[in-house]
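Engineer: See target25.cif below, with mmCIF, C-alpha atoms.
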data_run
loop_
_atom_site.label_atom_id
_atom_site.label_comp_id
_atom_site.auth_asym_id
_atom_site.auth_seq_id
_atom_site.Cartn_x
_atom_site.Cartn_y
_atom_site.Cartn_z
CA MET A 201 4.22 -1.03 -14.92
CA ARG A 202 7.87 -1.41 -15.80
CA ALA A 203 8.72 -2.79 -12.37
CA ALA A 204 8.86 -6.49 -11.58
CA ALA A 205 5.69 -8.39 -10.84
CA LEU A 206 3.73 -7.31 -7.77
CA SER A 207 2.35 -10.04 -5.55
CA PRO A 208 -0.89 -9.71 -3.55
CA GLY A 209 -0.84 -8.37 0.01
CA LEU A 210 -2.93 -9.65 2.91
CA SER A 211 -5.68 -11.88 1.54
CA ASP A 212 -8.27 -10.54 4.03
CA PRO A 213 -6.87 -7.11 4.95
CA ALA A 214 -9.02 -6.31 8.00
CA THR A 215 -8.89 -9.72 9.72
CA ASP A 216 -5.28 -10.51 8.83
CA ALA A 217 -4.01 -7.10 9.94
CA GLN A 218 -5.88 -7.47 13.26
CA GLY A 219 -4.34 -10.92 13.76
CA CYS A 220 -0.87 -9.55 13.03
CA PHE A 221 -1.48 -6.63 15.35
CA ARG A 222 -2.47 -8.99 18.16
CA ALA A 223 0.71 -11.05 17.60
CA LEU A 224 2.81 -7.86 17.70
CA LEU A 225 1.00 -6.60 20.81
CA ASP A 226 1.73 -9.89 22.58
CA ALA A 227 5.35 -9.84 21.45
CA MET A 228 5.83 -6.21 22.57
CA SER A 229 4.17 -6.63 25.95
CA ARG A 230 6.07 -9.86 26.72
CA PRO A 231 9.53 -9.03 25.33
CA GLY A 232 11.43 -12.10 24.26
CA LEU A 233 8.42 -14.33 23.60
CA VAL A 234 8.14 -15.51 20.00
CA ARG A 235 4.77 -15.13 18.28
CA ARG A 236 3.68 -16.34 14.84
CA VAL A 237 1.88 -13.95 12.47
CA PRO A 238 -1.28 -15.52 10.92
CA VAL A 239 -0.40 -14.96 7.25
CA ALA A 240 -0.06 -18.38 5.62
CA GLU A 241 -0.62 -17.11 2.06
CA LEU A 242 1.58 -14.00 2.04
CA ARG A 243 4.30 -14.19 -0.64
CA PRO A 244 6.30 -10.96 -0.41
CA PRO A 245 9.08 -10.23 -2.92
CA ALA A 246 12.58 -11.43 -1.99
CA PRO A 247 14.35 -10.81 0.30
CA LEU A 248 11.38 -9.98 2.58
CA SER A 249 10.23 -12.66 5.00
CA PRO A 250 6.47 -13.11 5.50
CA ALA A 251 6.76 -11.84 9.10
CA ALA A 252 8.62 -8.63 8.19
CA ALA A 253 6.22 -7.97 5.32
CA ALA A 254 3.18 -8.60 7.53
CA VAL A 255 4.51 -6.25 10.23
CA LEU A 256 4.90 -3.45 7.68
CA LEU A 257 1.50 -4.15 6.06
CA THR A 258 -0.06 -3.94 9.54
CA LEU A 259 1.72 -0.85 10.88
CA ALA A 260 2.84 1.33 7.96
CA ASP A 261 0.59 3.84 6.20
CA ALA A 262 0.81 7.14 4.34
CA ALA A 263 1.93 8.96 7.51
CA THR A 264 4.96 6.76 8.22
CA PRO A 265 8.09 7.13 6.06
CA VAL A 266 9.77 3.74 5.62
CA TRP A 267 13.46 3.18 4.92
CA THR A 268 14.58 -0.23 3.75
CA ASP A 269 17.74 -1.92 2.47
CA ALA A 270 15.67 -4.65 0.80
CA GLY A 271 15.91 -3.26 -2.73
CA ALA A 272 13.63 -1.60 -5.28
CA ASP A 273 11.18 -4.50 -5.71
CA ALA A 274 10.45 -4.72 -1.99
CA ALA A 275 10.18 -0.94 -1.67
CA ALA A 276 7.74 -0.78 -4.60
CA TRP A 277 5.68 -3.62 -3.12
CA LEU A 278 5.47 -1.87 0.27
CA ALA A 279 4.60 1.47 -1.33
CA PHE A 280 1.83 -0.15 -3.40
CA HIS A 281 0.20 -2.00 -0.52
CA THR A 282 0.66 0.49 2.34
CA GLY A 283 1.02 3.86 0.57
CA CYS A 284 4.04 4.62 2.76
CA PRO A 285 6.41 7.30 1.46
CA PRO A 286 10.05 6.24 1.06
CA ALA A 287 12.48 7.86 3.52
CA ALA A 288 15.64 9.42 2.07
CA SER A 289 17.83 8.18 4.91
CA PRO A 290 17.35 5.90 7.95
CA GLY A 291 17.31 9.02 10.14
CA ASP A 292 14.07 10.27 8.52
CA ALA A 293 12.14 7.01 8.80
CA ALA A 294 9.39 6.01 11.20
CA PHE A 295 10.03 2.37 10.28
CA VAL A 296 13.46 1.00 9.37
CA LEU A 297 13.24 -2.37 7.65
CA ALA A 298 16.66 -4.02 7.73
CA CYS A 299 17.25 -7.28 5.87
CA GLY A 300 21.03 -7.00 6.29
CA THR A 301 22.94 -5.28 9.08
CA PRO A 302 20.66 -2.71 10.76
CA PRO A 303 21.90 0.90 10.59
CA PRO A 304 23.40 2.33 13.82
CA LEU A 305 20.57 2.73 16.34
CA ASP A 306 21.73 6.17 17.48
CA ALA A 307 21.46 7.49 13.88
CA LEU A 308 17.70 6.83 13.83
CA MET A 309 14.87 9.04 15.06
CA GLN A 310 15.10 8.96 18.86
CA GLY A 311 12.00 10.97 19.75
CA THR A 312 12.24 13.76 22.31
CA ASP A 313 11.86 13.75 26.09
CA GLU A 314 8.45 15.45 25.65
CA GLU A 315 7.39 13.20 22.74
CA PRO A 316 9.28 9.91 23.02
CA HIS A 317 6.79 8.20 20.66
CA ARG A 318 8.26 10.15 17.74
CA SER A 319 11.04 7.60 17.45
CA ALA A 320 11.81 4.98 14.84
CA THR A 321 10.83 1.32 15.05
CA VAL A 322 13.41 -1.07 13.63
CA VAL A 323 12.06 -4.16 11.88
CA ALA A 324 15.09 -6.44 11.61
CA GLN A 325 15.03 -9.63 9.62
CA VAL A 326 17.20 -12.30 11.26
CA ALA A 327 18.03 -15.92 10.45
CA ALA A 328 16.20 -17.57 13.35
CA LEU A 329 14.47 -16.86 16.65
CA GLU A 330 14.28 -19.32 19.52
CA ALA A 331 12.66 -18.56 22.86
CA GLY A 332 13.23 -20.25 26.18
CA ARG A 333 16.65 -21.85 25.76
CA GLY A 334 20.00 -20.09 25.74
CA GLY A 335 20.99 -16.84 24.09
CA TRP A 336 20.11 -13.51 25.66
CA ARG A 337 18.65 -13.24 29.16
CA LEU A 338 16.13 -10.40 29.07
CA SER A 339 14.65 -8.40 31.92
CA GLY A 340 12.47 -5.34 32.25
CA PRO A 341 8.77 -4.40 32.18
CA GLY A 342 6.57 -7.26 30.98
CA ILE A 343 9.05 -9.92 32.14
CA ASP A 344 8.38 -11.68 35.44
CA ALA A 345 11.81 -13.11 36.21
CA ALA A 346 13.73 -13.50 32.98
CA HIS A 347 13.03 -14.47 29.37
CA ARG A 348 15.61 -16.25 27.27
CA LEU A 349 15.80 -15.46 23.55
CA ARG A 350 18.32 -16.81 21.09
CA VAL A 351 18.68 -14.65 17.97
CA SER A 352 20.85 -15.82 15.08
CA GLY A 353 21.81 -13.35 12.41
CA LEU A 354 22.35 -10.09 14.28
CA PRO A 355 25.80 -8.47 14.03
CA GLU A 356 28.46 -8.97 16.75
CA GLY A 357 28.27 -6.52 19.62
CA PHE A 358 24.57 -5.80 19.19
CA ALA A 359 23.98 -6.11 22.95
CA ALA A 360 26.34 -3.20 23.65
CA ARG A 361 24.55 -1.04 21.08
CA TRP A 362 21.23 -2.01 22.65
CA ALA A 363 22.52 -0.97 26.09
CA ALA A 364 23.43 2.46 24.67
CA ASN A 365 19.92 2.71 23.19
CA ARG A 366 18.41 1.89 26.58
CA ALA A 367 20.54 4.54 28.32
CA VAL A 368 18.75 7.43 26.57
CA PHE A 369 15.33 6.38 27.92
CA PRO A 370 12.59 7.68 27.51
CA ARG A 371 14.06 8.33 24.07
CA GLY A 372 15.37 5.48 21.91
CA VAL A 373 14.16 3.05 19.27
CA ASP A 374 12.08 -0.13 19.57
CA LEU A 375 13.08 -3.33 17.83
CA ILE A 376 10.94 -6.00 16.14
CA LEU A 377 12.81 -9.16 15.14
CA CYS A 378 11.38 -11.25 12.29
CA ALA A 379 12.36 -14.69 11.04
CA GLY A 380 10.13 -16.65 8.66
CA ARG A 381 6.66 -16.12 10.13
CA ASP A 382 7.92 -15.56 13.70
CA VAL A 383 8.19 -12.23 15.46
CA ALA A 384 9.74 -11.20 18.76
CA ALA A 385 10.12 -7.69 20.09
CA LEU A 386 12.51 -5.69 22.24
CA PRO A 387 10.90 -2.44 23.37
CA ARG A 388 13.36 0.22 24.54
CA THR A 389 12.66 -0.69 28.19
CA THR A 390 14.04 -4.22 27.87
CA ALA A 391 17.56 -4.93 29.09
CA ILE A 392 19.81 -7.64 27.71
CA VAL A 393 21.27 -8.85 30.98
CA GLU A 394 23.75 -11.34 29.65
CA GLU A 395 24.81 -13.00 26.49
CA GLY A 396 25.72 -16.61 26.03
CA MET B 831 14.96 10.03 -24.65
CA SER B 832 12.63 12.76 -25.95
CA GLU B 833 10.81 10.28 -28.21
CA ASP B 834 10.36 7.94 -25.27
CA THR B 835 8.97 10.75 -23.17
CA ALA B 836 6.63 11.84 -25.94
CA SER B 837 5.22 8.33 -26.43
CA GLU B 838 4.86 7.98 -22.67
CA VAL B 839 2.85 11.21 -22.50
CA LEU B 840 0.69 9.93 -25.38
CA ASP B 841 0.24 6.59 -23.58
CA THR B 842 -0.75 8.35 -20.38
CA ALA B 843 -3.31 10.49 -22.19
CA ALA B 844 -4.75 7.46 -24.02
CA ARG B 845 -4.82 5.39 -20.81
CA ARG B 846 -6.51 8.20 -18.90
CA ARG B 847 -9.19 8.34 -21.61
CA TRP B 848 -10.00 4.61 -21.59
CA MET B 849 -9.90 4.43 -17.78
CA GLY B 850 -12.39 7.31 -17.65
CA ILE B 851 -14.69 5.71 -20.21
CA LEU B 852 -14.61 2.35 -18.40
CA ALA B 853 -15.27 4.05 -15.04
CA ARG B 854 -18.34 5.83 -16.42
CA ALA B 855 -19.81 2.70 -18.07
CA SER B 856 -21.89 0.21 -16.08
CA ALA B 857 -20.80 -3.39 -15.49
CA SER B 858 -23.55 -4.75 -17.74
CA GLU B 859 -22.59 -2.38 -20.58
CA ILE B 860 -18.95 -3.48 -20.39
CA ALA B 861 -19.91 -7.16 -20.20
CA ALA B 862 -22.20 -6.79 -23.23
CA ARG B 863 -19.38 -5.24 -25.29
CA LEU B 864 -16.95 -7.95 -24.20
CA ARG B 865 -19.02 -10.64 -25.96
CA ASP B 866 -17.68 -9.47 -29.35
CA ALA B 867 -14.14 -8.86 -28.06
CA PRO B 868 -11.16 -11.21 -27.88
CA PRO B 869 -10.99 -13.13 -24.57
CA LEU B 870 -9.39 -11.27 -21.67
CA PRO B 871 -6.12 -12.62 -20.23
CA ALA B 872 -6.06 -14.45 -16.90
CA HIS B 873 -5.40 -12.15 -13.95
CA THR B 874 -4.56 -12.22 -10.25
CA ARG B 875 -6.04 -9.79 -7.75
CA LEU B 876 -3.32 -7.63 -6.19
CA ARG B 877 -5.59 -5.40 -4.14
CA GLY B 878 -9.32 -5.38 -3.68
CA PRO B 879 -11.83 -4.86 -5.12
CA GLU B 880 -12.45 -2.78 -2.00
CA THR B 881 -14.86 0.03 -1.27
CA GLY B 882 -13.96 3.22 0.59
CA LEU B 883 -14.65 6.92 0.85
CA VAL B 884 -12.84 9.61 -1.09
CA MET B 885 -13.02 13.29 -0.12
CA VAL B 886 -13.96 15.39 -3.13
CA ARG B 887 -12.42 18.85 -3.00
CA GLY B 888 -13.41 21.91 -4.94
CA ARG B 889 -12.32 25.49 -5.50
CA GLN B 890 -14.77 28.35 -5.65
CA GLY B 891 -14.53 29.97 -9.07
CA GLY B 892 -11.92 27.44 -10.12
CA ASP B 893 -9.01 29.29 -8.48
CA GLY B 894 -10.19 30.09 -4.94
CA ALA B 895 -9.15 28.39 -1.73
CA PRO B 896 -9.78 24.61 -1.79
CA PHE B 897 -12.68 23.33 0.31
CA ASN B 898 -14.06 19.87 1.02
CA LEU B 899 -17.20 19.38 -1.05
CA GLY B 900 -18.12 16.02 0.46
CA GLU B 901 -17.25 12.36 0.49
CA MET B 902 -18.16 9.91 -2.25
CA THR B 903 -18.13 6.12 -2.32
CA VAL B 904 -15.38 4.71 -4.53
CA THR B 905 -14.45 1.10 -5.31
CA ARG B 906 -10.91 0.39 -6.41
CA CYS B 907 -9.18 -2.67 -7.75
CA ALA B 908 -5.67 -3.53 -8.92
CA VAL B 909 -4.95 -6.71 -10.88
CA GLY B 910 -1.79 -8.23 -12.30
CA VAL B 911 -1.72 -9.79 -15.77
CA GLY B 912 1.14 -11.86 -17.08
CA GLY B 913 3.74 -10.87 -14.52
CA ALA B 914 4.74 -7.25 -14.91
CA VAL B 915 1.56 -5.51 -16.13
CA VAL B 916 -0.72 -3.97 -13.50
CA GLY B 917 -4.22 -2.72 -14.29
CA HIS B 918 -5.95 -0.20 -12.03
CA ALA B 919 -9.54 0.94 -11.69
CA TYR B 920 -11.19 3.51 -9.45
CA VAL B 921 -14.95 3.63 -10.04
CA ALA B 922 -17.75 5.54 -8.33
CA GLY B 923 -20.16 3.45 -6.26
CA ARG B 924 -19.80 0.00 -4.74
CA ASP B 925 -19.92 -2.27 -7.80
CA ALA B 926 -16.97 -4.61 -7.16
CA ALA B 927 -17.51 -6.64 -10.35
CA LYS B 928 -17.33 -3.49 -12.46
CA ALA B 929 -14.12 -2.34 -10.74
CA GLU B 930 -12.47 -5.70 -11.36
CA LEU B 931 -13.62 -5.81 -15.00
CA ALA B 932 -12.34 -2.27 -15.60
CA ALA B 933 -8.99 -3.13 -13.98
CA VAL B 934 -8.54 -6.26 -16.13
CA LEU B 935 -9.42 -4.25 -19.24
CA ASP B 936 -6.92 -1.55 -18.24
CA ALA B 937 -4.23 -4.21 -17.97
CA ALA B 938 -5.21 -5.80 -21.30
CA LEU B 939 -5.31 -2.43 -23.06
CA GLN B 940 -1.69 -1.80 -22.07
CA ASP B 941 -0.76 -4.83 -24.22
CA GLY B 942 -0.09 -3.45 -27.71
CA SER B 943 -1.26 -6.64 -29.45
CA LEU B 944 -4.68 -6.64 -27.73
CA ARG B 945 -5.21 -2.88 -27.73
CA PRO B 946 -6.65 -2.25 -31.24
CA ALA B 947 -9.23 -5.05 -30.96
CA LEU B 948 -10.32 -4.03 -27.45
CA LEU B 949 -10.45 -0.33 -28.30
CA GLY B 950 -12.65 -1.11 -31.30
CA ALA B 951 -14.93 -3.63 -29.61
CA VAL B 952 -15.27 -2.13 -26.11
CA VAL B 953 -13.92 1.37 -25.53
CA GLU B 954 -15.03 3.21 -28.67
CA PRO B 955 -18.67 1.93 -28.60
CA LEU B 956 -18.88 2.85 -24.90
CA ALA B 957 -17.42 6.31 -25.64
CA ALA B 958 -19.97 6.83 -28.44
CA ALA B 959 -22.84 5.77 -26.17
CA GLN B 960 -21.65 8.10 -23.43
CA ALA B 961 -21.24 11.04 -25.83
CA ASP B 962 -24.74 10.32 -27.17
CA ARG B 963 -26.19 10.33 -23.64
CA ALA B 964 -24.40 13.57 -22.79
CA ALA B 965 -25.65 15.24 -25.97
CA ARG B 966 -29.22 14.11 -25.28
CA THR B 967 -29.08 15.50 -21.74
CA ALA B 968 -27.63 18.75 -23.06
CA ARG B 969 -30.44 19.03 -25.65
CA LYS B 970 -33.08 18.42 -22.97
CA ALA B 971 -31.52 21.09 -20.77
CA ALA B 972 -31.20 23.50 -23.68
CA ALA B 973 -34.92 23.20 -24.40
CA THR B 974 -35.71 24.65 -20.98
CA ARG B 975 -33.37 27.62 -21.40
CA VAL B 976 -34.89 31.02 -20.59
CA ASP B 977 -33.72 34.02 -22.55
CA PHE B 978 -33.68 36.85 -20.02
CA SER B 979 -33.40 39.60 -22.64
CA THR B 980 -36.76 38.43 -24.08
CA LEU B 981 -38.34 38.76 -20.62
CA ALA B 982 -37.04 42.33 -20.39
CA VAL B 983 -38.66 43.24 -23.70
CA MET B 984 -41.99 41.64 -22.71
CA ARG B 985 -42.28 43.68 -19.52
#
Could you show the structure in this file as structure tokens?
Structural biologist:
Amino acid sequence: MRAAALSPGLSDPATDAQGCFRALLDAMSRPGLVRRVPVAELRPPAPLSPAAAAVLLTLADAATPVWTDAGADAAAWLAFHTGCPPAASPGDAAFVLACGTPPPLDALMQGTDEEPHRSATVVAQVAALEAGRGGWRLSGPGIDAAHRLRVSGLPEGFAARWAANRAVFPRGVDLILCAGRDVAALPRTTAIVEEG
Amino acid sequence: MSEDTASEVLDTAARRRWMGILARASASEIAARLRDAPPLPAHTRLRGPETGLVMVRGRQGGDGAPFNLGEMTVTRCAVGVGGAVVGHAYVAGRDAAKAELAAVLDAALQDGSLRPALLGAVVEPLAAAQADRAARTARKAAATRVDFSTLAVMR
């Protein structure tokens, strides 16, 4: 009541969430390919991008603690529409929504060797995503030869941190990159072969 | 601080009362009362109206172990009015129009300038009608009461 204005969530919750889930499934199974989430009318509170908001609306629920650096308005909006409990620290969260610099990957829930799915998923908002030309060369499951993905807006030295995340396989976090209405994903199996 | 808290508690109690009265009234009853009321503010739908199931839980004897009594159909709606005010409604059944109307009224009733007129025109008449209905049902039930001590004397 005393918070800032809430904006509506997905206009057609069932169909829109299924469309977003399909886009995420494609992005996860073909790491490095950029997919667009079908949410033309979504107006999340600043600084959330439509893609990051749609990912959380699709995946988060009352059983997934969410940590975010996006501020009180965004946290209240997410809690209203998904019912997700706020996480006290990034290390307690099932989803980490980072609009600025993502927290250190090794400080997040890593899962266990018996239950590697009990790890965090990082939803990182970046400036731009471009597939196919330049940037990272990706390899791993779901990639035939190599995918190229250029990401602008991630901190320096992210590739080294990602390599450390990959070294603890089957544990480790998964990464969803969001820019505007575009999403791309790096599951923990994907290797960043080279930068440039 | 303490005055703020006290008025908030009062507000919560008053809001709980009008939300309950609106949830128990039918859509046509609310609409009929709204004809004599000031016009409702424009609103945007934040969530729903959407219908789902809610598990109703009970306790045997009021303080026993909780158990699941059964599921009931509930329609909920949340609307925004004028930026920062959010009205909520959870109503039994699947009447989406009623849920939306109750949510808009909840938002309007939070506005101090609209509250007296809406309470007088909508909420209080509905409360009186509901109390009347409850009293009538109670009288009907009371008429069928059996006094077991009388039976013992007759035997």
Engineer: Got a sec to pull out which chain B residues are within 6 Å of chain A, counting all atoms listed in the file, and send them as a list in words?
Structural biologist: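 Here they are: Leu876, Gly913, Ala914, Val915 and Val916 of chain B.
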Engineer: Between A:Arg361, A:Arg243, A:Arg388, A:Arg371, which residue has the minimum interatomic distance to Pro231 of chain A, considering only C-alpha atoms?
Structural biologist: A:Arg388
Engineer: Suppose you want the space between atom CA of Ala933 of chain B and atom CA of Ala275 of chain A; what is it in Å?
Structural biologist: 22.9 Å
Engineer: Would you work out the distance separating atom CA of Pro387 of chain A from atom CA of Trp277 of chain A, expressed in Å to one decimal?
Structural biologist: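 That distance, rounded to one decimal, is 27.0 Å.
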Engineer: So which residues get picked by the PyMOL selection byres ((chain B and resi 897) around 6) here, written as a list in words?
Structural biologist: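 The output of the PyMOL selection byres ((chain B and resi 897) around 6) on this file is Arg887, Gly888, Pro896 and Asn898 of chain B.
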Engineer: So which one's closest to Ala872 of chain B, B:Ser979, B:Glu954, B:Gly910, B:Ser856? Using only C-alpha atoms, please.
Structural biologist: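 Comparing B:Ser979, B:Glu954, B:Gly910, B:Ser856 against Ala872 of chain B, the winner is B:Gly910.
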Engineer: Identify all residues satisfying the PyMOL selection byres ((chain A and resi 306-323) around 10) in the given file; provide them as number ranges by chain.
Structural biologist: A: 251-253, 255-256, 264-268, 289-299, 302-305, 324-326, 361-362, 364-365, 368-378, 383, 385-388
Engineer: At a cut-off of 7 Å, using all atoms listed in the file, what residues contact segment 934-947 of chain B? Leave out same-chain residues fewer than 5 positions from it and give the result as an MDAnalysis selection string.
Structural biologist: chainID B and resid 849 867 870:871 909 911 915:918
Engineer: Around (-19.1, -0.7, -22.9), as given in the file, which residues come within 7 Å? Count all atoms listed in the file and list them as a list in words.
Structural biologist: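 Collected hits near the coordinates: Ala855, Glu859, Ile860, Ala862, Arg863, Val952, Val953, Pro955 and Leu956 of chain B.
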Engineer: Taking C-alpha atoms for each residue, export the selection above as a PDB file, in the frame of the given file.
Structural biologist:
ATOM      1  CA  ALA B 855     -19.810   2.700 -18.070  1.00  0.00           C
ATOM      2  CA  GLU B 859     -22.590  -2.380 -20.580  1.00  0.00           C
ATOM      3  CA  ILE B 860     -18.950  -3.480 -20.390  1.00  0.00           C
ATOM      4  CA  ALA B 862     -22.200  -6.790 -23.230  1.00  0.00           C
ATOM      5  CA  ARG B 863     -19.380  -5.240 -25.290  1.00  0.00           C
ATOM      6  CA  VAL B 952     -15.270  -2.130 -26.110  1.00  0.00           C
ATOM      7  CA  VAL B 953     -13.920   1.370 -25.530  1.00  0.00           C
ATOM      8  CA  PRO B 955     -18.670   1.930 -28.600  1.00  0.00           C
ATOM      9  CA  LEU B 956     -18.880   2.850 -24.900  1.00  0.00           C
TER      10      LEU B 956
END
Engineer: Please determine, counting all atoms listed in the file, which residue among A:Gly342, A:Gly353, A:Gly300, A:Gly283 has the shortest atom-to-atom distance to Leu257 of chain A.
Structural biologist: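 Result for the nearest residue to Leu257 of chain A: A:Gly283.
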Engineer: As an exercise, work out the distance from atom CA of Ala391 of chain A to atom CA of Met228 of chain A in Å and give it to one decimal place.
Structural biologist: 13.5 Å
